[in-house]
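Structure file query.cif with mmCIF, N, CA and C atoms:
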```
data_protein
loop_
_atom_site.label_atom_id
_atom_site.label_comp_id
_atom_site.auth_asym_id
_atom_site.auth_seq_id
_atom_site.Cartn_x
_atom_site.Cartn_y
_atom_site.Cartn_z
N MET A 1 -15.27 -15.93 9.10
CA MET A 1 -15.28 -17.20 8.43
C MET A 1 -15.66 -18.27 9.45
N GLU A 2 -16.56 -19.15 9.09
CA GLU A 2 -16.99 -20.23 9.95
C GLU A 2 -16.42 -21.54 9.43
N ILE A 3 -16.19 -22.48 10.34
CA ILE A 3 -15.77 -23.83 9.96
C ILE A 3 -16.86 -24.77 10.44
N VAL A 4 -17.35 -25.58 9.54
CA VAL A 4 -18.38 -26.57 9.85
C VAL A 4 -17.79 -27.94 9.61
N ILE A 5 -17.90 -28.81 10.59
CA ILE A 5 -17.41 -30.17 10.44
C ILE A 5 -18.57 -31.04 10.02
N PHE A 6 -18.40 -31.76 8.91
CA PHE A 6 -19.48 -32.60 8.42
C PHE A 6 -19.04 -34.04 8.36
N SER A 7 -19.99 -34.95 8.51
CA SER A 7 -19.67 -36.37 8.43
C SER A 7 -19.68 -36.80 6.97
N GLU A 8 -18.98 -37.88 6.70
CA GLU A 8 -18.88 -38.37 5.32
C GLU A 8 -20.26 -38.68 4.75
N ALA A 9 -21.20 -39.06 5.61
CA ALA A 9 -22.53 -39.42 5.13
C ALA A 9 -23.37 -38.21 4.74
N ASP A 10 -23.02 -37.03 5.22
CA ASP A 10 -23.84 -35.85 4.97
C ASP A 10 -23.24 -35.02 3.84
N ARG A 11 -23.77 -35.21 2.64
CA ARG A 11 -23.27 -34.47 1.48
C ARG A 11 -24.35 -33.58 0.89
N SER A 12 -25.41 -33.33 1.68
CA SER A 12 -26.53 -32.56 1.16
C SER A 12 -26.47 -31.08 1.52
N LEU A 13 -25.37 -30.64 2.14
CA LEU A 13 -25.26 -29.23 2.51
C LEU A 13 -25.17 -28.38 1.25
N SER A 14 -26.01 -27.37 1.16
CA SER A 14 -25.99 -26.54 -0.05
C SER A 14 -25.21 -25.27 0.20
N LYS A 15 -24.68 -24.70 -0.85
CA LYS A 15 -23.87 -23.49 -0.75
C LYS A 15 -24.71 -22.27 -0.41
N LYS A 16 -25.96 -22.25 -0.83
CA LYS A 16 -26.84 -21.09 -0.67
C LYS A 16 -26.13 -19.86 -1.19
N HIS A 17 -26.01 -18.81 -0.40
CA HIS A 17 -25.40 -17.58 -0.87
C HIS A 17 -23.97 -17.39 -0.35
N TYR A 18 -23.43 -18.36 0.35
CA TYR A 18 -22.08 -18.28 0.88
C TYR A 18 -21.05 -18.69 -0.16
N LYS A 19 -19.85 -18.13 -0.05
CA LYS A 19 -18.70 -18.67 -0.78
C LYS A 19 -18.13 -19.75 0.13
N VAL A 20 -18.14 -20.99 -0.36
CA VAL A 20 -17.83 -22.13 0.48
C VAL A 20 -16.50 -22.76 0.09
N GLY A 21 -15.72 -23.10 1.12
CA GLY A 21 -14.50 -23.87 0.95
C GLY A 21 -14.67 -25.22 1.61
N VAL A 22 -14.04 -26.25 1.04
CA VAL A 22 -14.12 -27.59 1.62
C VAL A 22 -12.72 -28.10 1.91
N LEU A 23 -12.53 -28.59 3.12
CA LEU A 23 -11.30 -29.21 3.58
C LEU A 23 -11.63 -30.67 3.88
N ALA A 24 -11.13 -31.59 3.06
CA ALA A 24 -11.51 -32.99 3.22
C ALA A 24 -10.43 -33.90 2.67
N SER A 25 -10.56 -35.18 2.96
CA SER A 25 -9.62 -36.18 2.45
C SER A 25 -9.78 -36.30 0.94
N ASP A 26 -8.74 -36.79 0.29
CA ASP A 26 -8.75 -36.95 -1.16
C ASP A 26 -9.93 -37.78 -1.64
N SER A 27 -10.32 -38.78 -0.85
CA SER A 27 -11.39 -39.69 -1.27
C SER A 27 -12.75 -38.99 -1.40
N LEU A 28 -12.95 -37.88 -0.70
CA LEU A 28 -14.22 -37.16 -0.80
C LEU A 28 -14.20 -36.05 -1.85
N MET A 29 -13.05 -35.62 -2.26
CA MET A 29 -12.96 -34.46 -3.16
C MET A 29 -13.75 -34.62 -4.45
N ASP A 30 -13.74 -35.81 -5.04
CA ASP A 30 -14.47 -36.02 -6.29
C ASP A 30 -15.97 -35.94 -6.13
N GLU A 31 -16.44 -36.10 -4.89
CA GLU A 31 -17.88 -36.13 -4.64
C GLU A 31 -18.42 -34.78 -4.16
N LEU A 32 -17.57 -33.79 -4.00
CA LEU A 32 -17.99 -32.52 -3.42
C LEU A 32 -17.86 -31.38 -4.42
N ASP A 33 -18.66 -30.36 -4.19
CA ASP A 33 -18.63 -29.17 -5.03
C ASP A 33 -18.59 -27.96 -4.11
N ALA A 34 -17.69 -27.05 -4.38
CA ALA A 34 -17.57 -25.84 -3.57
C ALA A 34 -16.84 -24.79 -4.38
N ASP A 35 -16.81 -23.58 -3.86
CA ASP A 35 -16.08 -22.50 -4.53
C ASP A 35 -14.57 -22.73 -4.46
N GLN A 36 -14.10 -23.28 -3.35
CA GLN A 36 -12.68 -23.59 -3.15
C GLN A 36 -12.58 -24.97 -2.51
N LEU A 37 -11.66 -25.79 -3.00
CA LEU A 37 -11.43 -27.11 -2.44
C LEU A 37 -9.98 -27.23 -1.99
N PHE A 38 -9.75 -27.89 -0.84
CA PHE A 38 -8.40 -28.18 -0.40
C PHE A 38 -8.35 -29.63 0.05
N PRO A 39 -7.75 -30.51 -0.78
CA PRO A 39 -7.60 -31.91 -0.38
C PRO A 39 -6.48 -32.03 0.64
N CYS A 40 -6.73 -32.73 1.72
CA CYS A 40 -5.70 -32.82 2.76
C CYS A 40 -5.12 -34.22 2.90
N GLY A 41 -5.08 -34.94 1.80
CA GLY A 41 -4.38 -36.22 1.81
C GLY A 41 -5.28 -37.42 1.70
N GLY A 42 -4.63 -38.56 1.77
CA GLY A 42 -5.32 -39.84 1.63
C GLY A 42 -5.96 -40.29 2.91
N GLU A 43 -6.05 -41.57 3.06
CA GLU A 43 -6.71 -42.15 4.22
C GLU A 43 -5.81 -42.24 5.44
N ASN A 44 -4.54 -41.88 5.31
CA ASN A 44 -3.59 -41.94 6.40
C ASN A 44 -3.73 -40.70 7.28
N ASP A 45 -4.05 -40.89 8.56
CA ASP A 45 -4.27 -39.76 9.47
C ASP A 45 -3.04 -38.86 9.59
N LYS A 46 -1.85 -39.45 9.54
CA LYS A 46 -0.64 -38.63 9.67
C LYS A 46 -0.48 -37.70 8.48
N GLU A 47 -0.82 -38.16 7.28
CA GLU A 47 -0.76 -37.31 6.09
C GLU A 47 -1.79 -36.19 6.18
N ILE A 48 -2.98 -36.53 6.64
CA ILE A 48 -4.04 -35.53 6.79
C ILE A 48 -3.64 -34.50 7.83
N ALA A 49 -3.08 -34.95 8.95
CA ALA A 49 -2.65 -34.02 10.00
C ALA A 49 -1.56 -33.08 9.48
N ALA A 50 -0.65 -33.59 8.68
CA ALA A 50 0.44 -32.77 8.14
C ALA A 50 -0.08 -31.69 7.19
N LYS A 51 -1.16 -31.98 6.46
CA LYS A 51 -1.69 -31.01 5.50
C LYS A 51 -2.79 -30.13 6.07
N LEU A 52 -3.25 -30.43 7.27
CA LEU A 52 -4.36 -29.69 7.87
C LEU A 52 -4.03 -28.20 8.02
N TYR A 53 -2.87 -27.89 8.58
CA TYR A 53 -2.49 -26.48 8.77
C TYR A 53 -2.35 -25.77 7.43
N ASP A 54 -1.81 -26.47 6.43
CA ASP A 54 -1.71 -25.87 5.09
C ASP A 54 -3.09 -25.49 4.58
N GLY A 55 -4.06 -26.38 4.80
CA GLY A 55 -5.43 -26.11 4.36
C GLY A 55 -6.05 -24.92 5.07
N LEU A 56 -5.86 -24.85 6.37
CA LEU A 56 -6.42 -23.73 7.14
C LEU A 56 -5.77 -22.41 6.73
N ARG A 57 -4.44 -22.42 6.51
CA ARG A 57 -3.76 -21.21 6.04
C ARG A 57 -4.22 -20.83 4.64
N TYR A 58 -4.42 -21.83 3.78
CA TYR A 58 -4.90 -21.58 2.42
C TYR A 58 -6.23 -20.81 2.46
N PHE A 59 -7.17 -21.29 3.26
CA PHE A 59 -8.48 -20.65 3.33
C PHE A 59 -8.42 -19.27 3.96
N ASN A 60 -7.42 -19.01 4.79
CA ASN A 60 -7.25 -17.66 5.35
C ASN A 60 -6.96 -16.64 4.27
N HIS A 61 -6.43 -17.08 3.14
CA HIS A 61 -6.07 -16.18 2.05
C HIS A 61 -7.05 -16.23 0.89
N THR A 62 -8.22 -16.76 1.13
CA THR A 62 -9.26 -16.80 0.10
C THR A 62 -10.44 -15.94 0.56
N ASN A 63 -11.44 -15.85 -0.29
CA ASN A 63 -12.62 -15.05 0.05
C ASN A 63 -13.81 -15.91 0.47
N VAL A 64 -13.56 -17.11 1.01
CA VAL A 64 -14.67 -17.96 1.42
C VAL A 64 -15.29 -17.45 2.72
N ASP A 65 -16.60 -17.64 2.84
CA ASP A 65 -17.34 -17.25 4.04
C ASP A 65 -17.45 -18.40 5.03
N LEU A 66 -17.38 -19.61 4.48
CA LEU A 66 -17.67 -20.80 5.26
C LEU A 66 -16.74 -21.91 4.82
N ILE A 67 -16.15 -22.63 5.78
CA ILE A 67 -15.33 -23.79 5.46
C ILE A 67 -16.07 -25.03 5.96
N LEU A 68 -16.27 -25.98 5.08
CA LEU A 68 -16.82 -27.27 5.48
C LEU A 68 -15.62 -28.21 5.61
N ALA A 69 -15.47 -28.81 6.79
CA ALA A 69 -14.36 -29.72 7.05
C ALA A 69 -14.90 -31.11 7.35
N GLU A 70 -14.28 -32.09 6.75
CA GLU A 70 -14.68 -33.48 6.98
C GLU A 70 -14.44 -33.84 8.44
N ALA A 71 -15.35 -34.60 9.03
CA ALA A 71 -15.14 -35.14 10.38
C ALA A 71 -14.29 -36.39 10.26
N PHE A 72 -13.23 -36.46 11.05
CA PHE A 72 -12.31 -37.60 11.02
C PHE A 72 -12.47 -38.43 12.27
N SER A 73 -12.01 -39.65 12.21
CA SER A 73 -12.04 -40.54 13.36
C SER A 73 -11.29 -39.90 14.52
N THR A 74 -11.75 -40.12 15.74
CA THR A 74 -11.05 -39.56 16.89
C THR A 74 -10.09 -40.56 17.52
N ASP A 75 -9.73 -41.59 16.79
CA ASP A 75 -8.74 -42.56 17.26
C ASP A 75 -7.35 -42.06 16.90
N GLY A 76 -6.40 -42.23 17.80
CA GLY A 76 -5.00 -41.89 17.53
C GLY A 76 -4.81 -40.45 17.09
N VAL A 77 -4.13 -40.27 15.94
CA VAL A 77 -3.85 -38.95 15.40
C VAL A 77 -5.14 -38.21 15.04
N GLY A 78 -6.19 -38.96 14.72
CA GLY A 78 -7.48 -38.34 14.39
C GLY A 78 -8.00 -37.45 15.51
N GLN A 79 -7.69 -37.80 16.75
CA GLN A 79 -8.11 -36.97 17.88
C GLN A 79 -7.45 -35.60 17.80
N ALA A 80 -6.19 -35.54 17.44
CA ALA A 80 -5.48 -34.26 17.31
C ALA A 80 -6.04 -33.45 16.14
N ILE A 81 -6.39 -34.14 15.05
CA ILE A 81 -6.98 -33.47 13.88
C ILE A 81 -8.30 -32.80 14.28
N MET A 82 -9.16 -33.57 14.92
CA MET A 82 -10.46 -33.03 15.32
C MET A 82 -10.32 -31.93 16.37
N ASN A 83 -9.34 -32.05 17.26
CA ASN A 83 -9.10 -31.00 18.24
C ASN A 83 -8.70 -29.71 17.55
N ARG A 84 -7.82 -29.79 16.56
CA ARG A 84 -7.37 -28.59 15.84
C ARG A 84 -8.53 -27.96 15.07
N LEU A 85 -9.35 -28.79 14.43
CA LEU A 85 -10.51 -28.26 13.71
C LEU A 85 -11.49 -27.59 14.67
N SER A 86 -11.68 -28.20 15.83
CA SER A 86 -12.59 -27.61 16.82
C SER A 86 -12.08 -26.27 17.30
N LYS A 87 -10.78 -26.16 17.52
CA LYS A 87 -10.20 -24.88 17.96
C LYS A 87 -10.31 -23.84 16.85
N ALA A 88 -10.08 -24.25 15.62
CA ALA A 88 -10.17 -23.31 14.49
C ALA A 88 -11.61 -22.83 14.32
N ALA A 89 -12.56 -23.68 14.62
CA ALA A 89 -13.97 -23.33 14.47
C ALA A 89 -14.46 -22.45 15.61
N SER A 90 -13.76 -22.42 16.71
CA SER A 90 -14.12 -21.70 17.93
C SER A 90 -15.59 -21.92 18.25
N ASP A 91 -16.38 -20.88 18.30
CA ASP A 91 -17.79 -21.05 18.68
C ASP A 91 -18.69 -21.26 17.47
N HIS A 92 -18.11 -21.52 16.31
CA HIS A 92 -18.89 -21.72 15.09
C HIS A 92 -18.82 -23.16 14.63
N LEU A 93 -18.82 -24.09 15.56
CA LEU A 93 -18.72 -25.50 15.24
C LEU A 93 -20.09 -26.13 15.20
N TYR A 94 -20.41 -26.73 14.08
CA TYR A 94 -21.68 -27.41 13.90
C TYR A 94 -21.38 -28.80 13.38
N GLN A 95 -21.81 -29.82 14.10
CA GLN A 95 -21.63 -31.17 13.61
C GLN A 95 -22.95 -31.66 13.09
N THR A 96 -22.93 -32.23 11.89
CA THR A 96 -24.16 -32.72 11.29
C THR A 96 -24.18 -34.23 11.38
N LYS A 97 -25.36 -34.75 11.45
CA LYS A 97 -25.60 -36.20 11.52
C LYS A 97 -24.55 -36.89 12.34
#
```
Written as structure tokens, that's how I'd like the structure from this file.
Amino acid sequence: MEIVIFSEADRSLSKKHYKVGVLASDSLMDELDADQLFPCGGENDKEIAAKLYDGLRYFNHTNVDLILAEAFSTDGVGQAIMNRLSKAASDHLYQTK
């Protein structure tokens, strides 16, 4: 399973032949389409950080091939969020735009 971090501006990624999961803030969920969706909270970084592990564990128990994760601000708690996503992605990290 790969994790791809995408910016809010890049919504043109297509599913192609992969089963895709999306891990993103609630505000993006209505604008995205995927095989599996996991909303990780509102605009509050602490709420997103608290739900991040739940989202990663959720996708571990699904049949998705690829996880698209929203890129978050690296200020304050956002730095810890992005660090955790980077570690989860290991060598399969691709940042778009």
**Request:** May I have the residues within 7 Å of region 44-61 of chain A as a list in words, using only C-alpha atoms and disregarding those fewer than 6 positions away in the same chain?
**Result:** Leu23, Phe38, Val77, Gly78 and Ile81 of chain A
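One distance worth recording is that between atom N of Leu66 (chain A) and atom C of Asp33 (chain A), which is 12.0 Å.
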**Complete:** Separating atom N of Leu85 (chain A) from atom N of Ala69 (chain A), to the nearest tenth of an Å, is a gap of 9.8 Å
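The gap separating CA of Leu28 (chain A) from CA of Gly41 (chain A) is 10.2 Å, in Å to one decimal.
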Could you give me region 50-72 of chain A completed to N, CA, C and O atoms, formatted as a short mmCIF file (atom, residue, chain, number, x, y, z; two decimals), in the frame of the given file?
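Output saved as out00.cif:
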```
data_model
loop_
_atom_site.label_atom_id
_atom_site.label_comp_id
_atom_site.auth_asym_id
_atom_site.auth_seq_id
_atom_site.Cartn_x
_atom_site.Cartn_y
_atom_site.Cartn_z
N ALA A 50 -0.65 -33.59 8.68
CA ALA A 50 0.44 -32.77 8.14
C ALA A 50 -0.08 -31.69 7.19
O ALA A 50 0.48 -30.60 7.13
N LYS A 51 -1.16 -31.98 6.46
CA LYS A 51 -1.69 -31.01 5.50
C LYS A 51 -2.79 -30.13 6.07
O LYS A 51 -3.22 -29.17 5.43
N LEU A 52 -3.25 -30.43 7.27
CA LEU A 52 -4.36 -29.69 7.87
C LEU A 52 -4.03 -28.20 8.02
O LEU A 52 -4.82 -27.34 7.63
N TYR A 53 -2.87 -27.89 8.58
CA TYR A 53 -2.49 -26.48 8.77
C TYR A 53 -2.35 -25.77 7.43
O TYR A 53 -2.72 -24.60 7.30
N ASP A 54 -1.81 -26.47 6.43
CA ASP A 54 -1.71 -25.87 5.09
C ASP A 54 -3.09 -25.49 4.58
O ASP A 54 -3.28 -24.43 3.99
N GLY A 55 -4.06 -26.38 4.80
CA GLY A 55 -5.43 -26.11 4.36
C GLY A 55 -6.05 -24.92 5.07
O GLY A 55 -6.68 -24.06 4.45
N LEU A 56 -5.86 -24.85 6.37
CA LEU A 56 -6.42 -23.73 7.14
C LEU A 56 -5.77 -22.41 6.73
O LEU A 56 -6.44 -21.39 6.57
N ARG A 57 -4.44 -22.42 6.51
CA ARG A 57 -3.76 -21.21 6.04
C ARG A 57 -4.22 -20.83 4.64
O ARG A 57 -4.40 -19.65 4.33
N TYR A 58 -4.42 -21.83 3.78
CA TYR A 58 -4.90 -21.58 2.42
C TYR A 58 -6.23 -20.81 2.46
O TYR A 58 -6.39 -19.81 1.77
N PHE A 59 -7.17 -21.29 3.26
CA PHE A 59 -8.48 -20.65 3.33
C PHE A 59 -8.42 -19.27 3.96
O PHE A 59 -9.27 -18.42 3.68
N ASN A 60 -7.42 -19.01 4.79
CA ASN A 60 -7.25 -17.66 5.35
C ASN A 60 -6.96 -16.64 4.27
O ASN A 60 -7.21 -15.46 4.46
N HIS A 61 -6.43 -17.08 3.14
CA HIS A 61 -6.07 -16.18 2.05
C HIS A 61 -7.05 -16.23 0.89
O HIS A 61 -6.73 -15.80 -0.22
N THR A 62 -8.22 -16.76 1.13
CA THR A 62 -9.26 -16.80 0.10
C THR A 62 -10.44 -15.94 0.56
O THR A 62 -10.44 -15.42 1.67
N ASN A 63 -11.44 -15.85 -0.29
CA ASN A 63 -12.62 -15.05 0.05
C ASN A 63 -13.81 -15.91 0.47
O ASN A 63 -14.94 -15.49 0.34
N VAL A 64 -13.56 -17.11 1.01
CA VAL A 64 -14.67 -17.96 1.42
C VAL A 64 -15.29 -17.45 2.72
O VAL A 64 -14.61 -16.87 3.56
N ASP A 65 -16.60 -17.64 2.84
CA ASP A 65 -17.34 -17.25 4.04
C ASP A 65 -17.45 -18.40 5.03
O ASP A 65 -17.65 -18.20 6.22
N LEU A 66 -17.38 -19.61 4.48
CA LEU A 66 -17.67 -20.80 5.26
C LEU A 66 -16.74 -21.91 4.82
O LEU A 66 -16.55 -22.11 3.62
N ILE A 67 -16.15 -22.63 5.78
CA ILE A 67 -15.33 -23.79 5.46
C ILE A 67 -16.07 -25.03 5.96
O ILE A 67 -16.45 -25.10 7.13
N LEU A 68 -16.27 -25.98 5.08
CA LEU A 68 -16.82 -27.27 5.48
C LEU A 68 -15.62 -28.21 5.61
O LEU A 68 -14.84 -28.37 4.68
N ALA A 69 -15.47 -28.81 6.79
CA ALA A 69 -14.36 -29.72 7.05
C ALA A 69 -14.90 -31.11 7.35
O ALA A 69 -15.85 -31.26 8.11
N GLU A 70 -14.28 -32.09 6.75
CA GLU A 70 -14.68 -33.48 6.98
C GLU A 70 -14.44 -33.84 8.44
O GLU A 70 -13.44 -33.43 9.04
N ALA A 71 -15.35 -34.60 9.03
CA ALA A 71 -15.14 -35.14 10.38
C ALA A 71 -14.29 -36.39 10.26
O ALA A 71 -14.57 -37.26 9.44
N PHE A 72 -13.23 -36.46 11.05
CA PHE A 72 -12.31 -37.60 11.02
C PHE A 72 -12.47 -38.43 12.27
O PHE A 72 -12.98 -37.96 13.30
#
```
